[in-house]
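J.: Below is one structure. I have some questions about it.
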Amino acid sequence: MLKFTIQKKLEGTLARAGEIETKNGVIKTPAFVVVGTKATVKALTSEQIRSLGAQVVLANTYHLYLQPGADIVEKAGGFGPFMDWHGPTMTDSGGFQAFSLGAAFGNNVSKVATGDEVSNVSATAGQLAKVTDEGVMFKSHLDGSKHLFTPESSMEAQWKLGADMIFAFDECTSPSAPYEYQKKSLARTYEWAKRSLERHEALDTEKQQSLFGVVQGGRFQELREEAARTIGALPFDGFGIGGSFTKDDIGTAVGWVNALLPEDKPRHLLGIGEPLDLFNAVEAGCDLFDCIAPTRMARHGTLHTADGRINIRNAKFVDQFVPLEEGCTCYTCTHHTRAYLAHLYRGDEMAAATLGSIHNLHFILRLVEKIRESLLDETFMEYKKSFIERYYKK
RNA sequence: GCGUCGGUGGUGGAGCGGUCAAUCACGACAGACUGUAAAUCUGUUGCCUUCGGGCUACGAAGGUUCAAAUCCUUCCCGGCGCA
């Protein structure tokens with residue numbers, strides 16, 4: 001069902017521009033996937049998502065399974081129709097919650113490591129998720145009820161959620177997990193990949209959904225390459241690259257993986273969405289990215305500009321009667337001033353989250369669009385250099 | 001006028017003889033956030049500092065005490081009740 005065409009490759013790198021055809025439309029890649037975990041992009045209406053020019057929306061299986069339940073979403077015709085989004089869709093498998101509700105729970109651990117974390121894989125106190133070979137036992141963060149997620153049950157839930165592209169059930173490990181754990185986990189994720197494929201093929205006899213396998217391996221080259229070879233050899237429609245990196249790894253580790261993955265299938269870098277990371281990931285051969293950062297940071301007052309991030313709540317903005325970002329064509333910037341936004345944020349007004357999310361998503365979506373254009377006209381390296389220099393100058 | 005209750009840091013409000021520069025909340029000033037447990041979380045928030053500490057503060061002025069935001073006296077201001 002999924003057709004991926006490469007239109008242009010950037011010589012000397014793994015970067016490429018292309019198109020993915022789904023039954024709900026075409027995705028021009030590289031593309032940023034907007035995250036709508038619970039079948040809603042927080043603070044935005046679906047009309048606003050369309051207006052932003054988003055191409056794909058990704059929802060989360062664990063969250064929709066718990067609320068309102070996969071059966072309800074199935075009755076709605078899938079999460080896309082449920083939320084009135086009629087373009088391409090994806091669902092994550094719930095594998096990330098093995099990390100966010102497991103090893104990371106309450107530990108203030110980010111999936112992007114700084115490099116000096118201490119191992120905490122044995123610290124299970126307070127966790128809501130426990131990983132075994134069978135699957136992941138979750139304790140609902142909503143009501144404490146227990147739920148076992150397995151590769152099979154994840155496929156069944158994702159089948160009901162009805163996205164165009166779905167992910168194999170995997171374990172997203174903590175960046176602080178040691179080699180031994182990563183290796184063990186990787187073997188498990190491989191077994192889960194095969195079980196996911198098997199269950200998916202049984203469910204989706206008419207090939208309505210495309211299944212992506214997930215490459216893990218932490219920060220170890222040997223494991224990343226092994227995962228790329230083994231997962232890459234399975235008959236998936238595309239691949240997700242998941243798990244933990246350091247910021248520097250995003251340029252290197254992702255490249256190790258993509259050098260080995262089948263070239264003719266799309267590659268989705270899971271959960272990455274800061275400007276520098278996007279450039280590095282594209283250069284390293286990724287086609288798709290999803291990330292909650294633009295919307296979460298927007299809700300918290302951190303907004304992107306070409307000159308770097310700003311915190312709109314800062315005192316200096318209260319009397320700046322100019323657009324958030326001069327020249328930005330988003331709704332927020334064409335209608336409102338920094339002073340007004342600062343006022344809304346300081347007053348904890350709900351519109352602040354909406355206007356901030358519109359701007360940040362516009363910024364990232366446009367950034368990835370421009371990255372795509374720069375691949376097509378072979379100006380990627382120049383564009384990357386000029387963007388990075390300006391955005392990260394201090 | 002009499003009686004009564006109260007006046008604490010930007011705000012509200014604890015404290016009611018020592019461990020109080022003063023719980024806490026809010027506000028303010030910053031920071032973090034990367035397949036969403038997140039409209040969340042963290043730090044700072046009297047002044048000075050060689051970071052050891054020093055100084056000035058709890059309406060005002062006196063007083064008691066080794067020691068007062070805490071007790072006493074007077075005054076000022078506010079709420080309430082009675083005239």
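Following the order of the structure tokens, first chain is A, next is B, and so on, with residues numbered from 1 inside each chain and ligands from 1 in the order they appear.
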If you run DSSP on the backbone, which residues of segment 257-369 of chain A are helix (DSSP H, G or I), as a PyMOL selection string?
T.: chain A and resi 257-260+275-283+293-299+315-317+331-335+338-346+350-369
J.: Give me the chain A side of the contact with chain B, cut-off 6 Å, one line per residue showing its nearest atom pair and distance in Å at one decimal, counting only C-alpha atoms (C1' of nucleotides), sorted by chain and residue number, as a Markdown table.
T.:
```
| residue | atom | partner | partner_atom | distance |
| --- | --- | --- | --- | --- |
| A:Phe96 | CA | B:G35 | C1' | 5.9 |
| A:His141 | CA | B:A37 | C1' | 5.9 |
| A:Leu270 | CA | B:G35 | C1' | 4.5 |
| A:Gly271 | CA | B:G35 | C1' | 4.3 |
| A:Ile272 | CA | B:U34 | C1' | 4.7 |
| A:Gly273 | CA | B:U34 | C1' | 5.6 |
| A:Ala293 | CA | B:U34 | C1' | 5.7 |
| A:Arg299 | CA | B:A39 | C1' | 6.0 |
```
J.: Find the residues near Ala70 of chain A: any atom within 7 Å, counting only C-alpha atoms (C1' of nucleotides), skip ones fewer than 5 places away on the same chain, and give them as a list of chain:residue names.
T.: A:Leu64, A:Tyr65, A:Ala157, A:Lys160, A:Leu161
J.: Restricting the output to N, CA and C atoms, write the selected residues as a JSON list (two decimals), in the first residue's frame.
T.:
```json
[["chain", "number", "residue", "atom", "x", "y", "z"],
["A", 64, "LEU", "N", -4.51, 6.13, 23.42],
["A", 64, "LEU", "CA", -5.87, 5.95, 22.87],
["A", 64, "LEU", "C", -6.49, 4.63, 23.32],
["A", 65, "TYR", "N", -5.63, 3.66, 23.58],
["A", 65, "TYR", "CA", -6.12, 2.38, 24.11],
["A", 65, "TYR", "C", -6.75, 2.58, 25.49],
["A", 157, "ALA", "N", -4.42, -3.25, 18.56],
["A", 157, "ALA", "CA", -4.89, -1.90, 18.89],
["A", 157, "ALA", "C", -4.63, -0.95, 17.73],
["A", 160, "LYS", "N", -7.09, -1.24, 14.99],
["A", 160, "LYS", "CA", -8.34, -0.53, 15.28],
["A", 160, "LYS", "C", -8.19, 0.98, 15.16],
["A", 161, "LEU", "N", -7.04, 1.48, 15.55],
["A", 161, "LEU", "CA", -6.82, 2.93, 15.47],
["A", 161, "LEU", "C", -6.72, 3.37, 14.02]]
```
J.: When you look at C5 of chain B with a cut-off of 12 Å (counting only C-alpha atoms (C1' of nucleotides)), what residues show up, excluding the ones that are within fewer than 4 positions of it in the same chain? I need them as a ChimeraX atom specification.
T.: /B:78-81
J.: Fewer than 5 positions away in the same chain doesn't count, so skip those; otherwise give me all residues within 9 Å of Arg372 of chain A, counting only C-alpha atoms (C1' of nucleotides), as a PyMOL selection string.
T.: chain A and resi 16-18+28-31+367+377+380
J.: The selected residues should be written to file as a PDB file, in the first residue's frame (atoms: N, CA and C atoms).
T.:
```pdb
ATOM      1  N   ARG A  16      18.210  12.340   1.327  1.00  0.00           N
ATOM      2  CA  ARG A  16      17.418  12.215   0.109  1.00  0.00           C
ATOM      3  C   ARG A  16      16.077  12.918   0.282  1.00  0.00           C
ATOM      4  N   ALA A  17      15.514  13.338  -0.834  1.00  0.00           N
ATOM      5  CA  ALA A  17      14.170  13.910  -0.846  1.00  0.00           C
ATOM      6  C   ALA A  17      13.295  12.965  -1.652  1.00  0.00           C
ATOM      7  N   GLY A  18      12.049  12.830  -1.231  1.00  0.00           N
ATOM      8  CA  GLY A  18      11.190  11.891  -1.940  1.00  0.00           C
ATOM      9  C   GLY A  18       9.724  12.098  -1.650  1.00  0.00           C
ATOM     10  N   LYS A  28       5.474  14.606   1.193  1.00  0.00           N
ATOM     11  CA  LYS A  28       6.745  15.005   0.591  1.00  0.00           C
ATOM     12  C   LYS A  28       7.811  14.953   1.669  1.00  0.00           C
ATOM     13  N   THR A  29       8.852  14.177   1.426  1.00  0.00           N
ATOM     14  CA  THR A  29       9.889  13.992   2.436  1.00  0.00           C
ATOM     15  C   THR A  29      11.185  14.688   2.035  1.00  0.00           C
ATOM     16  N   PRO A  30      11.978  15.065   3.037  1.00  0.00           N
ATOM     17  CA  PRO A  30      11.793  14.892   4.469  1.00  0.00           C
ATOM     18  C   PRO A  30      10.556  15.648   4.961  1.00  0.00           C
ATOM     19  N   ALA A  31       9.878  15.061   5.935  1.00  0.00           N
ATOM     20  CA  ALA A  31       8.669  15.669   6.466  1.00  0.00           C
ATOM     21  C   ALA A  31       8.649  15.589   7.985  1.00  0.00           C
ATOM     22  N   LEU A 367      10.723  24.754   8.413  1.00  0.00           N
ATOM     23  CA  LEU A 367      12.148  24.421   8.417  1.00  0.00           C
ATOM     24  C   LEU A 367      12.381  23.133   7.626  1.00  0.00           C
ATOM     25  N   ASP A 377      17.357  21.482  -4.671  1.00  0.00           N
ATOM     26  CA  ASP A 377      18.203  22.380  -5.482  1.00  0.00           C
ATOM     27  C   ASP A 377      19.668  22.342  -5.050  1.00  0.00           C
ATOM     28  N   PHE A 380      21.578  22.273   0.280  1.00  0.00           N
ATOM     29  CA  PHE A 380      21.388  21.826   1.664  1.00  0.00           C
ATOM     30  C   PHE A 380      22.516  22.269   2.588  1.00  0.00           C
TER      31      PHE A 380
END
```
J.: Between A:Ser374, A:Lys394, A:Glu191, A:Arg346, which one has atoms that come closest to G27 of chain B, using only C-alpha atoms (C1' of nucleotides)?
T.: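 Looking at the shortest contact to G27 of chain B, the residue is A:Arg346.
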J.: I need the residues in segment 220-367 of chain A that are strand (DSSP E) according to DSSP; give them as a ChimeraX atom specification.
T.: /A:238-241,245-246,267-269,288-291,302-305,308-311
J.: Create the file for the chosen residues now, containing C-alpha atoms and written as a PDB file, in the first residue's frame.
T.:
```pdb
ATOM      1  CA  GLY A 238       9.625   1.260   6.476  1.00  0.00           C
ATOM      2  CA  PHE A 239      11.774   1.698   9.542  1.00  0.00           C
ATOM      3  CA  GLY A 240      11.727   3.699  12.699  1.00  0.00           C
ATOM      4  CA  ILE A 241      14.917   4.612  14.469  1.00  0.00           C
ATOM      5  CA  PHE A 245      21.268   9.087  21.695  1.00  0.00           C
ATOM      6  CA  THR A 246      23.459  11.874  22.798  1.00  0.00           C
ATOM      7  CA  ARG A 267      13.098   5.925   7.588  1.00  0.00           C
ATOM      8  CA  HIS A 268      11.452   7.641  10.476  1.00  0.00           C
ATOM      9  CA  LEU A 269      13.542   9.084  13.290  1.00  0.00           C
ATOM     10  CA  LEU A 288      10.401  11.426   8.633  1.00  0.00           C
ATOM     11  CA  PHE A 289      10.492  12.859  12.149  1.00  0.00           C
ATOM     12  CA  ASP A 290       7.943  13.331  14.814  1.00  0.00           C
ATOM     13  CA  CYS A 291       8.391  15.317  17.964  1.00  0.00           C
ATOM     14  CA  THR A 302       9.671  28.654  24.678  1.00  0.00           C
ATOM     15  CA  LEU A 303       9.283  29.772  21.083  1.00  0.00           C
ATOM     16  CA  HIS A 304      11.474  29.345  18.041  1.00  0.00           C
ATOM     17  CA  THR A 305      12.843  32.234  16.052  1.00  0.00           C
ATOM     18  CA  GLY A 308      17.212  31.006  18.448  1.00  0.00           C
ATOM     19  CA  ARG A 309      14.766  30.127  21.155  1.00  0.00           C
ATOM     20  CA  ILE A 310      13.170  32.769  23.299  1.00  0.00           C
ATOM     21  CA  ASN A 311      11.093  32.527  26.429  1.00  0.00           C
TER      22      ASN A 311
END
```
J.: As a PyMOL selection string, please: the residues near Ser185 of chain A (cut-off 12 Å, only C-alpha atoms (C1' of nucleotides), same-chain neighbours under 5 positions excluded).
T.: chain A and resi 98-99+121+131-133+135+170-174+177-180+190-192+215-218+223+227+243
J.: What's the separation between atom CA of Thr332 of chain A and atom CA of Arg366 of chain A, in Å to one decimal place?
T.: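 Atom CA of Thr332 of chain A sits 14.6 Å away from atom CA of Arg366 of chain A.
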J.: Provide the atom CA of Ala168 of chain A to atom CA of Thr40 of chain A distance in Å, to one decimal place.
T.: 22.2 Å
J.: Find the residues around Arg195 of chain A up to 12 Å (only C-alpha atoms (C1' of nucleotides) counted), leave out those fewer than 6 positions away in its own chain, and share them as a list in words.
T.: Asp133, Glu134, Gly135, Thr150, Pro151, Glu152, Ser153, Ser154, Met155, Glu156, Ala168, Phe169, Asp170, Arg188, Thr189, Glu201, Ala202, Gly213 and Leu234 of chain A
J.: Next, the residues of the selection above should be written as an mmCIF file, in the first residue's frame with C-alpha atoms.
T.:
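Listing of selection.cif after writing:
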```
data_model
loop_
_atom_site.group_PDB
_atom_site.id
_atom_site.type_symbol
_atom_site.label_atom_id
_atom_site.label_comp_id
_atom_site.auth_asym_id
_atom_site.auth_seq_id
_atom_site.Cartn_x
_atom_site.Cartn_y
_atom_site.Cartn_z
ATOM 1 C CA ASP A 133 10.030 -10.919 27.143
ATOM 2 C CA GLU A 134 6.285 -11.362 26.883
ATOM 3 C CA GLY A 135 5.607 -7.633 26.673
ATOM 4 C CA THR A 150 2.494 -7.300 23.721
ATOM 5 C CA PRO A 151 3.564 -7.103 20.101
ATOM 6 C CA GLU A 152 0.315 -8.858 19.258
ATOM 7 C CA SER A 153 -1.933 -6.611 21.307
ATOM 8 C CA SER A 154 -0.168 -3.509 20.015
ATOM 9 C CA MET A 155 -0.822 -4.616 16.439
ATOM 10 C CA GLU A 156 -4.450 -5.291 17.294
ATOM 11 C CA ALA A 168 6.245 -2.556 15.528
ATOM 12 C CA PHE A 169 6.198 -2.892 19.296
ATOM 13 C CA ASP A 170 9.660 -2.177 20.677
ATOM 14 C CA ARG A 188 13.890 -8.773 22.698
ATOM 15 C CA THR A 189 12.919 -5.956 20.347
ATOM 16 C CA GLU A 201 -0.002 -9.821 8.423
ATOM 17 C CA ALA A 202 -2.761 -11.927 9.895
ATOM 18 C CA GLY A 213 10.142 -1.939 12.197
ATOM 19 C CA LEU A 234 12.619 -8.252 7.814
#
```
J.: From the set B:G13, B:G1, B:G46, B:G7, which residue has the shortest atom-to-atom contact distance to C76 of chain B, counting only C-alpha atoms (C1' of nucleotides)?
T.: B:G7
J.: In Å to one decimal, how far is atom C1' of U70 of chain B from atom C1' of U19 of chain B?
T.: 15.0 Å
